[in-house]
file model_20.cif (mmCIF, C-alpha atoms and all ligand atoms)
data_protein
#
loop_
_atom_site.label_atom_id
_atom_site.label_comp_id
_atom_site.auth_asym_id
_atom_site.auth_seq_id
_atom_site.Cartn_x
_atom_site.Cartn_y
_atom_site.Cartn_z
CA MET E 817 -20.89 10.09 1.83
CA LYS E 818 -18.10 11.51 -0.37
CA GLN E 819 -15.54 8.85 -1.16
CA LEU E 820 -12.04 9.77 0.02
CA ASN E 821 -9.12 8.97 -2.28
CA VAL E 822 -6.10 7.52 -0.52
CA GLY E 823 -2.49 6.91 -1.53
CA LEU E 824 0.14 4.82 0.26
CA ILE E 825 3.87 5.51 0.13
CA GLY E 826 6.02 2.47 0.97
CA CYS E 827 4.90 -1.07 0.09
CA GLY E 828 7.04 -2.96 2.62
CA SER E 829 6.22 -5.05 5.67
CA ILE E 830 3.59 -2.76 7.21
CA PHE E 831 1.82 -2.04 3.90
CA PRO E 832 -0.72 -4.94 4.12
CA MET E 833 -1.96 -3.75 7.53
CA HIS E 834 -2.82 -0.35 6.03
CA ALA E 835 -4.14 -1.61 2.72
CA GLN E 836 -6.41 -4.27 4.28
CA SER E 837 -7.57 -1.75 6.89
CA LEU E 838 -8.55 0.64 4.10
CA VAL E 839 -10.43 -2.13 2.30
CA ASN E 840 -12.38 -2.57 5.55
CA THR E 841 -13.07 1.18 6.02
CA PRO E 842 -16.30 2.45 4.42
CA GLY E 843 -16.06 5.54 2.18
CA VAL E 844 -12.37 5.32 1.29
CA ILE E 845 -10.64 3.89 -1.76
CA ILE E 846 -6.99 3.11 -2.46
CA ARG E 847 -6.26 5.21 -5.56
CA THR E 848 -2.53 4.77 -5.80
CA VAL E 849 0.58 3.27 -4.22
CA CYS E 850 4.23 4.23 -4.42
CA ASP E 851 7.55 2.50 -3.75
CA ILE E 852 11.04 3.10 -5.11
CA LYS E 853 11.24 -0.67 -5.60
CA PRO E 854 9.27 -1.19 -8.84
CA PHE E 855 8.41 -4.80 -8.07
CA ARG E 856 6.80 -3.85 -4.74
CA ALA E 857 4.84 -0.93 -6.21
CA ARG E 858 3.52 -3.01 -9.14
CA LYS E 859 2.59 -5.98 -6.99
CA ALA E 860 0.65 -3.75 -4.57
CA ALA E 861 -1.05 -1.87 -7.43
CA LYS E 862 -2.12 -5.14 -9.04
CA LYS E 863 -3.60 -6.45 -5.82
CA TYR E 864 -5.52 -3.24 -5.00
CA ARG E 865 -6.35 -2.37 -8.64
CA CYS E 866 -4.85 1.09 -8.48
CA SER E 867 -2.07 3.09 -10.11
CA ALA E 868 1.61 2.72 -9.11
CA TYR E 869 4.31 5.36 -8.80
CA LEU E 870 8.03 5.09 -8.17
CA ASP E 871 8.38 8.75 -7.22
CA TYR E 872 6.27 9.98 -4.31
CA LYS E 873 6.22 13.62 -5.40
CA SER E 874 4.72 12.66 -8.78
CA MET E 875 2.15 10.61 -6.93
CA LEU E 876 1.25 13.53 -4.65
CA ASP E 877 1.05 15.86 -7.68
CA LYS E 878 -1.05 13.63 -9.91
CA GLY E 879 -2.80 11.19 -7.62
CA ASP E 880 -5.87 13.39 -6.87
CA LEU E 881 -5.60 12.40 -3.23
CA ASP E 882 -7.47 13.39 -0.06
CA ALA E 883 -5.07 11.52 2.23
CA VAL E 884 -1.76 9.72 2.12
CA HIS E 885 -0.31 7.03 4.41
CA ILE E 886 3.45 7.28 4.96
CA LEU E 887 4.94 3.79 5.49
CA THR E 888 8.59 4.47 4.77
CA PRO E 889 11.90 4.53 6.70
CA HIS E 890 11.80 6.89 9.68
CA TYR E 891 14.11 9.58 8.29
CA LEU E 892 11.69 10.14 5.39
CA HIS E 893 8.61 10.82 7.53
CA PRO E 894 9.20 14.60 7.95
CA LEU E 895 10.01 15.32 4.29
CA MET E 896 7.12 13.26 2.92
CA THR E 897 4.62 14.68 5.42
CA ILE E 898 5.61 18.26 4.61
CA GLU E 899 5.40 17.64 0.84
CA ALA E 900 1.91 16.16 1.26
CA ALA E 901 0.78 19.02 3.50
CA LYS E 902 1.97 21.60 0.94
CA ARG E 903 -0.38 19.92 -1.55
CA LYS E 904 -3.29 20.03 0.96
CA ILE E 905 -3.29 16.27 1.46
CA HIS E 906 -4.08 14.84 4.92
CA VAL E 907 -1.40 12.55 6.37
CA LEU E 908 -1.45 9.34 8.39
CA CYS E 909 2.18 8.59 9.23
CA GLU E 910 3.54 5.38 10.72
CA LYS E 911 5.36 5.57 14.04
CA PRO E 912 7.65 7.19 15.04
CA ILE E 913 6.46 10.60 13.86
CA ALA E 914 10.14 11.46 13.25
CA ILE E 915 13.59 10.77 14.68
CA ILE E 916 14.00 14.11 16.46
CA PRO E 917 11.36 16.38 18.04
CA LYS E 918 12.41 19.40 15.92
CA ASP E 919 11.39 17.52 12.78
CA ALA E 920 8.08 16.61 14.39
CA ASP E 921 7.53 20.33 15.02
CA ARG E 922 8.11 21.09 11.34
CA MET E 923 5.60 18.41 10.35
CA ILE E 924 2.97 19.70 12.79
CA LYS E 925 3.47 23.27 11.57
CA ALA E 926 3.27 22.33 7.88
CA CYS E 927 0.00 20.47 8.44
CA ARG E 928 -1.46 23.27 10.54
CA ASP E 929 -0.41 25.99 8.06
CA ASN E 930 -1.96 24.08 5.17
CA GLY E 931 -5.19 23.15 6.99
CA VAL E 932 -4.66 19.39 6.85
CA LYS E 933 -4.77 16.79 9.62
CA LEU E 934 -1.78 14.76 10.78
CA GLY E 935 -2.38 11.38 12.40
CA VAL E 936 0.38 9.07 13.67
CA VAL E 937 -0.03 5.31 14.07
CA SER E 938 0.14 3.88 17.58
CA GLN E 939 -2.39 1.09 17.20
CA ASN E 940 -1.84 -0.48 20.61
CA ARG E 941 -3.76 2.33 22.30
CA TYR E 942 -6.88 0.82 20.70
CA ASN E 943 -6.36 -2.65 22.21
CA PRO E 944 -9.14 -3.72 24.61
CA GLY E 945 -6.54 -4.06 27.38
CA SER E 946 -5.20 -0.51 26.92
CA LYS E 947 -8.73 0.91 26.76
CA LEU E 948 -9.82 -0.89 29.95
CA ALA E 949 -6.75 0.41 31.80
CA LYS E 950 -7.43 3.96 30.54
CA LYS E 951 -11.05 3.77 31.70
CA TYR E 952 -10.17 2.61 35.22
CA ILE E 953 -7.38 5.17 35.57
CA SER E 954 -9.52 8.04 34.25
CA ASN E 955 -12.53 7.27 36.46
CA GLY E 956 -10.33 7.16 39.57
CA LYS E 957 -11.09 3.52 40.46
CA LEU E 958 -7.38 2.67 40.54
CA GLY E 959 -6.23 5.83 42.29
CA LYS E 960 -2.82 7.29 41.59
CA ILE E 961 -0.35 5.26 39.54
CA LYS E 962 2.65 4.73 41.82
CA ALA E 963 5.02 2.91 39.48
CA VAL E 964 5.05 1.09 36.16
CA LYS E 965 7.17 -1.85 35.01
CA LEU E 966 7.78 -2.38 31.31
CA VAL E 967 9.72 -5.45 30.15
CA LEU E 968 10.10 -6.11 26.44
CA SER E 969 12.09 -9.09 25.15
CA TYR E 970 11.93 -9.65 21.42
CA HIS E 971 13.94 -11.65 18.94
CA LYS E 972 15.46 -9.63 16.09
CA PRO E 973 18.53 -11.53 14.90
CA ASP E 974 21.31 -10.06 12.77
CA SER E 975 19.59 -11.59 9.73
CA PHE E 976 16.58 -9.30 10.38
CA TYR E 977 18.82 -6.25 10.10
CA ARG E 978 20.88 -7.55 7.19
CA LYS E 979 17.71 -7.72 5.06
CA SER E 980 17.11 -3.97 5.43
CA ASP E 981 19.10 -0.97 4.16
CA TRP E 982 17.76 1.32 6.90
CA LYS E 983 16.76 -0.69 9.99
CA GLY E 984 19.45 -0.70 12.66
CA THR E 985 21.03 2.59 11.53
CA TRP E 986 21.28 5.84 13.51
CA ASP E 987 20.70 8.10 10.52
CA LYS E 988 17.77 6.33 8.85
CA GLU E 989 16.01 4.52 11.69
CA GLY E 990 17.18 6.71 14.57
CA GLY E 991 18.08 3.81 16.87
CA GLY E 992 17.14 0.20 17.52
CA VAL E 993 14.94 -1.62 20.02
CA LEU E 994 13.84 1.63 21.65
CA ILE E 995 12.65 3.76 18.73
CA ASP E 996 11.39 0.83 16.72
CA GLN E 997 9.81 -1.94 18.80
CA SER E 998 9.45 -0.24 22.19
CA ILE E 999 7.97 3.13 21.19
CA HIS E 1000 4.55 1.46 21.04
CA PHE E 1001 4.62 0.65 24.74
CA ILE E 1002 6.24 3.92 25.81
CA ASP E 1003 3.36 5.63 24.01
CA VAL E 1004 0.68 3.53 25.74
CA LEU E 1005 2.26 4.19 29.15
CA ARG E 1006 2.60 7.92 28.58
CA TRP E 1007 -1.04 8.07 27.48
CA LEU E 1008 -2.14 6.14 30.58
CA ILE E 1009 -0.02 8.20 32.98
CA ASN E 1010 -1.07 11.47 31.28
CA ASP E 1011 1.49 13.67 33.02
CA LYS E 1012 4.58 15.66 32.11
CA VAL E 1013 8.01 14.09 32.44
CA ASP E 1014 10.22 15.36 35.23
CA TYR E 1015 13.43 13.51 34.34
CA ILE E 1016 14.85 10.55 32.45
CA GLU E 1017 17.91 8.50 33.32
CA ALA E 1018 18.85 5.62 31.03
CA ASN E 1019 21.51 3.38 29.51
CA ILE E 1020 21.73 1.77 26.11
CA ALA E 1021 24.06 -0.92 24.77
CA ASN E 1022 24.61 -3.26 21.88
CA ARG E 1023 25.08 -6.71 23.42
CA MET E 1024 24.36 -9.30 20.76
CA HIS E 1025 24.24 -7.71 17.29
CA ASN E 1026 27.31 -7.55 15.09
CA SER E 1027 25.71 -6.13 11.96
CA ILE E 1028 24.32 -2.94 13.53
CA LYS E 1029 25.67 -0.02 15.54
CA VAL E 1030 22.42 0.95 17.29
CA GLU E 1031 21.22 -0.35 20.66
CA ASP E 1032 19.67 -3.74 21.26
CA LEU E 1033 19.22 -2.95 24.95
CA ALA E 1034 17.76 0.08 26.70
CA GLU E 1035 17.01 0.34 30.41
CA GLY E 1036 16.24 3.13 32.78
CA ILE E 1037 13.69 5.25 34.57
CA ILE E 1038 11.19 7.86 33.42
CA LYS E 1039 10.04 9.95 36.36
CA PHE E 1040 6.83 11.96 35.90
CA LYS E 1041 6.07 15.28 37.64
CA LYS E 1042 3.28 13.93 39.89
CA GLY E 1043 5.53 11.13 41.16
CA THR E 1044 4.82 8.12 38.94
CA TYR E 1045 7.97 6.42 37.74
CA VAL E 1046 8.42 3.91 34.92
CA CYS E 1047 11.14 1.25 35.20
CA PHE E 1048 11.89 -0.15 31.76
CA TYR E 1049 14.05 -2.96 30.39
CA LEU E 1050 13.98 -3.46 26.63
CA ILE E 1051 15.96 -6.00 24.60
CA ASN E 1052 15.61 -7.53 21.16
CA TYR E 1053 18.21 -10.31 21.50
CA TYR E 1054 15.98 -12.76 23.35
CA SER E 1055 15.45 -16.23 21.85
CA TYR E 1056 11.84 -15.52 20.78
CA ASP E 1057 9.31 -12.69 20.71
CA ASP E 1058 7.98 -12.93 24.24
CA ASP E 1059 4.78 -11.11 25.25
CA THR E 1060 5.60 -7.63 26.48
CA GLU E 1061 4.88 -7.24 30.17
CA ILE E 1062 3.39 -4.02 31.51
CA GLU E 1063 2.37 -3.68 35.13
CA LEU E 1064 0.89 -0.56 36.67
CA ASP E 1065 1.04 -0.53 40.45
CA CYS E 1066 -1.70 1.84 41.57
CA GLU E 1067 -2.99 2.97 44.97
CA LYS E 1068 -6.17 0.91 44.74
CA GLY E 1069 -5.08 -2.05 42.61
CA ARG E 1070 -2.81 -3.43 39.93
CA VAL E 1071 -3.11 -3.55 36.15
CA ASN E 1072 -1.39 -6.24 34.10
CA ILE E 1073 -1.36 -5.70 30.37
CA VAL E 1074 -0.25 -8.60 28.20
CA LYS E 1075 -0.47 -8.20 24.42
CA ASP E 1076 -3.98 -6.94 23.56
CA SER E 1077 -5.54 -7.96 26.89
CA ALA E 1078 -5.51 -6.66 30.45
CA ARG E 1079 -6.45 -7.79 33.92
CA ILE E 1080 -7.22 -5.33 36.67
CA GLY E 1081 -7.29 -6.52 40.26
CA LEU E 1082 -8.67 -3.97 42.70
CA TYR E 1083 -7.78 -4.27 46.38
CA ASN E 1084 -11.52 -4.26 47.25
CA GLY E 1085 -11.69 -7.76 45.73
CA ILE E 1086 -13.13 -6.83 42.35
CA ALA E 1087 -11.30 -8.11 39.24
CA VAL E 1088 -12.02 -7.15 35.62
CA ASN E 1089 -10.56 -8.36 32.33
CA ALA E 1090 -10.60 -7.25 28.71
CA SER E 1091 -9.59 -9.26 25.64
CA PRO E 1092 -10.33 -8.84 21.94
CA ARG E 1093 -13.65 -10.27 20.72
CA PRO E 1094 -13.39 -12.60 17.69
CA ASP E 1095 -15.43 -10.14 15.57
CA GLU E 1096 -12.90 -7.35 16.21
CA TYR E 1097 -10.22 -8.99 14.05
CA ILE E 1098 -9.78 -8.45 10.33
CA ASP E 1099 -7.66 -10.51 7.97
CA TYR E 1100 -4.50 -8.58 7.10
CA GLY E 1101 -3.69 -11.08 4.35
CA LYS E 1102 -2.86 -14.78 4.26
CA GLY E 1103 -5.02 -15.24 7.36
CA ARG E 1104 -2.87 -12.90 9.46
CA LYS E 1105 -4.97 -11.13 12.06
CA ASP E 1106 -2.39 -9.74 14.40
CA TYR E 1107 0.63 -7.50 14.03
CA TRP E 1108 2.00 -6.15 17.31
CA GLY E 1109 -1.56 -5.55 18.27
CA PHE E 1110 -4.41 -6.13 15.85
CA CYS E 1111 -5.81 -2.61 15.92
CA HIS E 1112 -4.39 -0.90 12.82
CA TRP E 1113 -7.81 -1.05 11.21
CA ILE E 1114 -9.51 0.49 14.25
CA GLN E 1115 -7.09 3.43 14.31
CA ILE E 1116 -7.41 3.87 10.54
CA LYS E 1117 -11.23 3.82 10.74
CA GLU E 1118 -11.08 6.43 13.52
CA PHE E 1119 -8.66 8.57 11.48
CA TYR E 1120 -11.12 8.76 8.57
CA LYS E 1121 -14.02 9.44 10.94
CA ALA E 1122 -12.04 12.41 12.28
CA LEU E 1123 -11.35 13.68 8.73
CA ARG E 1124 -15.05 13.51 7.83
CA ASN E 1125 -16.04 15.37 11.00
CA ASN E 1126 -13.20 17.88 10.58
CA GLU E 1127 -11.88 16.84 14.00
CA GLU E 1128 -8.35 16.19 15.20
CA PRO E 1129 -7.32 12.52 15.00
CA ASP E 1130 -7.06 10.86 18.47
CA ILE E 1131 -3.31 10.47 17.99
CA ASN E 1132 -2.27 13.62 16.19
CA GLY E 1133 1.17 15.12 15.62
CA ALA E 1134 1.28 16.81 19.03
CA GLU E 1135 0.43 13.54 20.85
CA ALA E 1136 3.03 11.57 18.90
CA ARG E 1137 5.63 14.25 19.52
CA LYS E 1138 5.23 13.87 23.31
CA THR E 1139 6.18 10.19 23.04
CA LEU E 1140 9.04 10.95 20.67
CA GLU E 1141 10.36 13.48 23.18
CA ILE E 1142 10.67 10.71 25.78
CA VAL E 1143 12.44 8.38 23.34
CA TYR E 1144 14.76 11.16 22.22
CA ASN E 1145 15.70 12.01 25.80
CA ILE E 1146 16.31 8.37 26.71
CA TYR E 1147 18.95 8.40 23.96
CA ARG E 1148 20.32 11.75 25.18
CA SER E 1149 20.58 10.52 28.75
CA ALA E 1150 22.32 7.31 27.68
CA LYS E 1151 24.76 9.05 25.34
CA GLN E 1152 25.60 11.84 27.77
CA HIS E 1153 25.65 9.52 30.82
CA LYS E 1154 23.50 11.87 32.83
CA ARG E 1155 20.01 12.48 34.13
CA ILE E 1156 18.03 14.70 31.76
CA TYR E 1157 15.42 17.05 33.24
CA LEU E 1158 12.58 18.12 30.96
CA ASP E 1159 10.86 21.50 31.31
N1 LIG C 1201 2.79 0.13 13.77
C1 LIG C 1201 3.49 -1.00 13.68
O1 LIG C 1201 3.23 -1.99 14.36
C2 LIG C 1201 4.64 -1.07 12.73
C3 LIG C 1201 5.24 -2.28 12.43
C4 LIG C 1201 6.28 -2.31 11.48
C5 LIG C 1201 6.72 -1.14 10.90
N2 LIG C 1201 6.13 0.04 11.27
C6 LIG C 1201 6.59 1.31 10.70
O2 LIG C 1201 6.24 1.36 9.32
C7 LIG C 1201 7.25 2.07 8.61
C8 LIG C 1201 7.81 1.17 7.52
O3 LIG C 1201 8.35 0.02 8.10
P1 LIG C 1201 8.42 -1.35 7.29
O4 LIG C 1201 8.76 -2.40 8.29
O5 LIG C 1201 7.22 -1.52 6.44
O6 LIG C 1201 9.71 -1.07 6.40
P2 LIG C 1201 10.12 -1.76 5.02
O7 LIG C 1201 11.55 -1.49 4.81
O8 LIG C 1201 9.61 -3.16 4.99
O9 LIG C 1201 9.25 -0.93 3.96
C9 LIG C 1201 9.53 0.42 3.65
C10 LIG C 1201 9.26 0.61 2.17
O10 LIG C 1201 9.47 1.98 1.84
C11 LIG C 1201 10.07 2.02 0.55
N3 LIG C 1201 10.74 3.30 0.33
C12 LIG C 1201 11.94 3.71 0.82
N4 LIG C 1201 12.22 4.94 0.37
C13 LIG C 1201 11.17 5.33 -0.39
C14 LIG C 1201 10.88 6.50 -1.14
N5 LIG C 1201 11.72 7.55 -1.18
N6 LIG C 1201 9.71 6.55 -1.82
C15 LIG C 1201 8.85 5.50 -1.80
N7 LIG C 1201 9.08 4.36 -1.11
C16 LIG C 1201 10.22 4.28 -0.42
C17 LIG C 1201 11.03 0.84 0.55
O11 LIG C 1201 11.42 0.46 -0.76
C18 LIG C 1201 10.21 -0.21 1.27
O12 LIG C 1201 9.46 -1.02 0.39
C19 LIG C 1201 8.27 2.51 9.66
O13 LIG C 1201 7.94 3.78 10.12
C20 LIG C 1201 8.09 1.49 10.76
O14 LIG C 1201 8.50 1.91 12.04
C21 LIG C 1201 5.10 0.08 12.13
#

call {"tool": "encode", "arguments": {"input": "model_20.cif", "output": "structure tokens"}}
result
Amino acid sequence: MKQLNVGLIGCGSIFPMHAQSLVNTPGVIIRTVCDIKPFRARKAAKKYRCSAYLDYKSMLDKGDLDAVHILTPHYLHPLMTIEAAKRKIHVLCEKPIAIIPKDADRMIKACRDNGVKLGVVSQNRYNPGSKLAKKYISNGKLGKIKAVKLVLSYHKPDSFYRKSDWKGTWDKEGGGVLIDQSIHFIDVLRWLINDKVDYIEANIANRMHNSIKVEDLAEGIIKFKKGTYVCFYLINYYSYDDDTEIELDCEKGRVNIVKDSARIGLYNGIAVNASPRPDEYIDYGKGRKDYWGFCHWIQIKEFYKALRNNEEPDINGAEARKTLEIVYNIYRSAKQHKRIYLD
């Protein structure tokens, strides 16, 4: 098996989940890391015994890379992806693919034109709970999904935002609780519902944060063409990070997804559950096994399997763009105070 050389751009909070996942993926090696903050780049390079760059273009030019992971502020995802694609380097980009769908289109095109794959992280699709729900929806045992309830209540105090020069800004992050914390769950729901959006009607507000201008609350409805509607309520000013609650009310039963697990109760009396097995966890460093879902390493392993087989990654640019389109139109609806119909 040819060893694949990998580089990582951005050595911040999500970096360990990617680096430890790569250590646990056969046939790949971390060749180089990059961060504009020299201390972060050097520390990461020392730990993973690889080279360090402060400038990502130099890294892409000289790193001899097969693939690069983009773990940087959201506004940089399009530029960095396109620069990697031009150099024929495959890309695994953290969520969200971009801030606006047009930029996602440019990324998808650049990768397609240069014959490289584009994967986008949405690790919660790989949770046992999400996979069980997908199986029971796909095989028809639950019947049509009538409605979905999504309630997210996290704790991101002003101090969380004050530590960052990009989080909580419209231009660099693209929003707040919606595009950052909630996009994971919007993505899982869209994947489970597997239908086109009819319309979106939503509100956003900033209720509790003084140091940011973006929303810390988003609520509304996403109505899908075949009738399913999602009612969502998302805040990040709660007093702790509560478990996100997702309920799918289906014709033949109900699905309750909590964290990585799910319980399905069918109206014929049958109940099934799925939770992570102990052997599915890896150590992301300092004993940490979980990070908004523990499945980074599963998605990363699948991404490299797809590269080896010259197949599209499960969550490619086009898939990630569909979720971004929903997020983008929630913002549009809220800012324009109107219902937005999608084609
Ligand atoms: N999938 C998940 O569960 C999850 C969780 C957290 C963050 N994320 C995503 O990961 C990405 C990074 O988030 P984070 O929390 O690690 O942010 P962070 O601010 O902790 O880290 C970002 C790093 O990028 C570096 N950087 C900025 N500009 C750069 C440039 N031009 N070249 C090289 N490095 C540069 C910064 O110095 C910083 O070290 C975001 O897309 C975020 O949404 C995903």

call {"tool": "axis_aligned_box", "arguments": {"input": "model_20.cif", "around": "ligand LIG 1201 (chain C)", "padding_each_side": "8 Å", "output": "lines of an AutoDock Vina configuration file"}}
result
center_x = 7.5
center_y = 2.2
center_z = 6.3
size_x = 25.4
size_y = 26.7
size_z = 32.2

call {"tool": "residues_near_ligand", "arguments": {"input": "model_20.cif", "ligand": "ligand LIG 1201 (chain C)", "cutoff": "7 Å", "atoms": "all atoms listed in the file", "output": "VMD selection string"}}
result
chain E and resid 825 to 831 850 to 853 856 870 to 872 887 to 890 910 to 912 937 to 939 980 996 1107 to 1108

call {"tool": "residues_around", "arguments": {"input": "model_20.cif", "residues": "Asn821 (chain E)", "least_positions_apart": "3", "cutoff": "7 Å", "atoms": "all atoms listed in the file", "output": "number ranges by chain"}}
result
E: 844-847, 881-883

call {"tool": "residues_near_point", "arguments": {"input": "model_20.cif", "point": "(-8.9, -13.3, 15.7)", "cutoff": "9 Å", "atoms": "all atoms listed in the file", "output": "list in words"}}
result
Pro1092, Arg1093, Pro1094, Asp1095, Glu1096, Tyr1097, Ile1098, Asp1099, Arg1104, Lys1105, Asp1106 and Phe1110 of chain E

call {"tool": "atom_distance", "arguments": {"input": "model_20.cif", "atom1": "CA of Leu958 (chain E)", "atom2": "CA of Lys1068 (chain E)"}}
result
4.7 Å

call {"tool": "residues_around", "arguments": {"input": "model_20.cif", "residues": "Lys904 (chain E)", "least_positions_apart": "4", "cutoff": "8 Å", "atoms": "all atoms listed in the file", "output": "JSON, numbers by chain"}}
result
{"E": [882, 900, 930, 931, 932]}

call {"tool": "closest_residue", "arguments": {"input": "model_20.cif", "among": "E:Cys866, E:Leu1033, E:Met833, E:Leu1140", "to": "Ala914 (chain E)", "atoms": "all atoms listed in the file"}}
result
E:Leu1140

call {"tool": "closest_atom_pairs", "arguments": {"input": "model_20.cif", "of": "region 931-996 of chain E", "to": "region 1143-1152 of chain E", "cutoff": "9 Å", "atoms": "all atoms listed in the file", "output": "JSON lines"}}
result
{"residue": "E:Gly991", "atom": "CA", "partner": "E:Tyr1147", "partner_atom": "CA", "distance": 8.5}
{"residue": "E:Leu994", "atom": "CA", "partner": "E:Val1143", "partner_atom": "CA", "distance": 7.1}
{"residue": "E:Ile995", "atom": "CA", "partner": "E:Val1143", "partner_atom": "CA", "distance": 6.5}

call {"tool": "residues_near_point", "arguments": {"input": "model_20.cif", "point": "(16.8, 9.8, 32.8)", "cutoff": "12 Å", "atoms": "only C-alpha atoms", "output": "ChimeraX atom specification"}}
result
/E:1013-1020,1034-1040,1045-1048,1142-1158

call {"tool": "atom_distance", "arguments": {"input": "model_20.cif", "atom1": "CA of Lys947 (chain E)", "atom2": "CA of Val1074 (chain E)"}}
result
12.8 Å

call {"tool": "residues_around", "arguments": {"input": "model_20.cif", "residues": "region 1024-1029 of chain E", "least_positions_apart": "3", "cutoff": "12 Å", "atoms": "only C-alpha atoms", "output": "mmCIF file with C-alpha atoms, in the coordinates of the input"}}
result
data_model
loop_
_atom_site.group_PDB
_atom_site.id
_atom_site.type_symbol
_atom_site.label_atom_id
_atom_site.label_comp_id
_atom_site.auth_asym_id
_atom_site.auth_seq_id
_atom_site.Cartn_x
_atom_site.Cartn_y
_atom_site.Cartn_z
ATOM 1 C CA HIS E 971 13.940 -11.650 18.940
ATOM 2 C CA LYS E 972 15.460 -9.630 16.090
ATOM 3 C CA PRO E 973 18.530 -11.530 14.900
ATOM 4 C CA ASP E 974 21.310 -10.060 12.770
ATOM 5 C CA SER E 975 19.590 -11.590 9.730
ATOM 6 C CA PHE E 976 16.580 -9.300 10.380
ATOM 7 C CA TYR E 977 18.820 -6.250 10.100
ATOM 8 C CA ARG E 978 20.880 -7.550 7.190
ATOM 9 C CA LYS E 979 17.710 -7.720 5.060
ATOM 10 C CA SER E 980 17.110 -3.970 5.430
ATOM 11 C CA ASP E 981 19.100 -0.970 4.160
ATOM 12 C CA TRP E 982 17.760 1.320 6.900
ATOM 13 C CA LYS E 983 16.760 -0.690 9.990
ATOM 14 C CA GLY E 984 19.450 -0.700 12.660
ATOM 15 C CA THR E 985 21.030 2.590 11.530
ATOM 16 C CA TRP E 986 21.280 5.840 13.510
ATOM 17 C CA ASP E 987 20.700 8.100 10.520
ATOM 18 C CA GLU E 989 16.010 4.520 11.690
ATOM 19 C CA GLY E 990 17.180 6.710 14.570
ATOM 20 C CA GLY E 991 18.080 3.810 16.870
ATOM 21 C CA GLY E 992 17.140 0.200 17.520
ATOM 22 C CA VAL E 993 14.940 -1.620 20.020
ATOM 23 C CA ILE E 1020 21.730 1.770 26.110
ATOM 24 C CA ALA E 1021 24.060 -0.920 24.770
ATOM 25 C CA ASP E 1032 19.670 -3.740 21.260
ATOM 26 C CA LEU E 1033 19.220 -2.950 24.950
ATOM 27 C CA ILE E 1051 15.960 -6.000 24.600
ATOM 28 C CA ASN E 1052 15.610 -7.530 21.160
ATOM 29 C CA TYR E 1053 18.210 -10.310 21.500
ATOM 30 C CA TYR E 1054 15.980 -12.760 23.350
ATOM 31 C CA SER E 1055 15.450 -16.230 21.850
#

call {"tool": "closest_residue", "arguments": {"input": "model_20.cif", "among": "E:Asp1003, E:Asp1076, E:Glu1063, E:Asp1057", "to": "Ser1091 (chain E)", "atoms": "only C-alpha atoms"}}
result
E:Asp1076

call {"tool": "residues_around", "arguments": {"input": "model_20.cif", "residues": "Tyr864 (chain E)", "least_positions_apart": "3", "cutoff": "10 Å", "atoms": "all atoms listed in the file", "output": "list of chain:residue names"}}
result
E:Ala835, E:Gln836, E:Val839, E:Ile845, E:Ile846, E:Arg847, E:Thr848, E:Val849, E:Arg858, E:Lys859, E:Ala860, E:Ala861, E:Ser867

call {"tool": "atom_distance", "arguments": {"input": "model_20.cif", "atom1": "CA of Ile1086 (chain E)", "atom2": "CA of Lys951 (chain E)"}}
result
15.2 Å

call {"tool": "closest_residue", "arguments": {"input": "model_20.cif", "among": "E:Pro854, E:Gly843, E:Gly823, E:Gly1109", "to": "Ile905 (chain E)", "atoms": "all atoms listed in the file"}}
result
E:Gly823

call {"tool": "residues_around", "arguments": {"input": "model_20.cif", "residues": "Arg1124 (chain E)", "least_positions_apart": "4", "cutoff": "12 Å", "atoms": "all atoms listed in the file", "output": "PDB file with C-alpha atoms, in the frame of the given file"}}
result
ATOM      1  CA  MET E 817     -20.890  10.090   1.830  1.00  0.00           C
ATOM      2  CA  LYS E 818     -18.100  11.510  -0.370  1.00  0.00           C
ATOM      3  CA  GLN E 819     -15.540   8.850  -1.160  1.00  0.00           C
ATOM      4  CA  LEU E 820     -12.040   9.770   0.020  1.00  0.00           C
ATOM      5  CA  PRO E 842     -16.300   2.450   4.420  1.00  0.00           C
ATOM      6  CA  GLY E 843     -16.060   5.540   2.180  1.00  0.00           C
ATOM      7  CA  VAL E 844     -12.370   5.320   1.290  1.00  0.00           C
ATOM      8  CA  ASP E 882      -7.470  13.390  -0.060  1.00  0.00           C
ATOM      9  CA  ALA E 883      -5.070  11.520   2.230  1.00  0.00           C
ATOM     10  CA  HIS E 906      -4.080  14.840   4.920  1.00  0.00           C
ATOM     11  CA  VAL E 932      -4.660  19.390   6.850  1.00  0.00           C
ATOM     12  CA  LYS E 933      -4.770  16.790   9.620  1.00  0.00           C
ATOM     13  CA  LYS E1117     -11.230   3.820  10.740  1.00  0.00           C
ATOM     14  CA  GLU E1118     -11.080   6.430  13.520  1.00  0.00           C
ATOM     15  CA  PHE E1119      -8.660   8.570  11.480  1.00  0.00           C
ATOM     16  CA  TYR E1120     -11.120   8.760   8.570  1.00  0.00           C
ATOM     17  CA  GLU E1128      -8.350  16.190  15.200  1.00  0.00           C
ATOM     18  CA  PRO E1129      -7.320  12.520  15.000  1.00  0.00           C
TER      19      PRO E1129
END
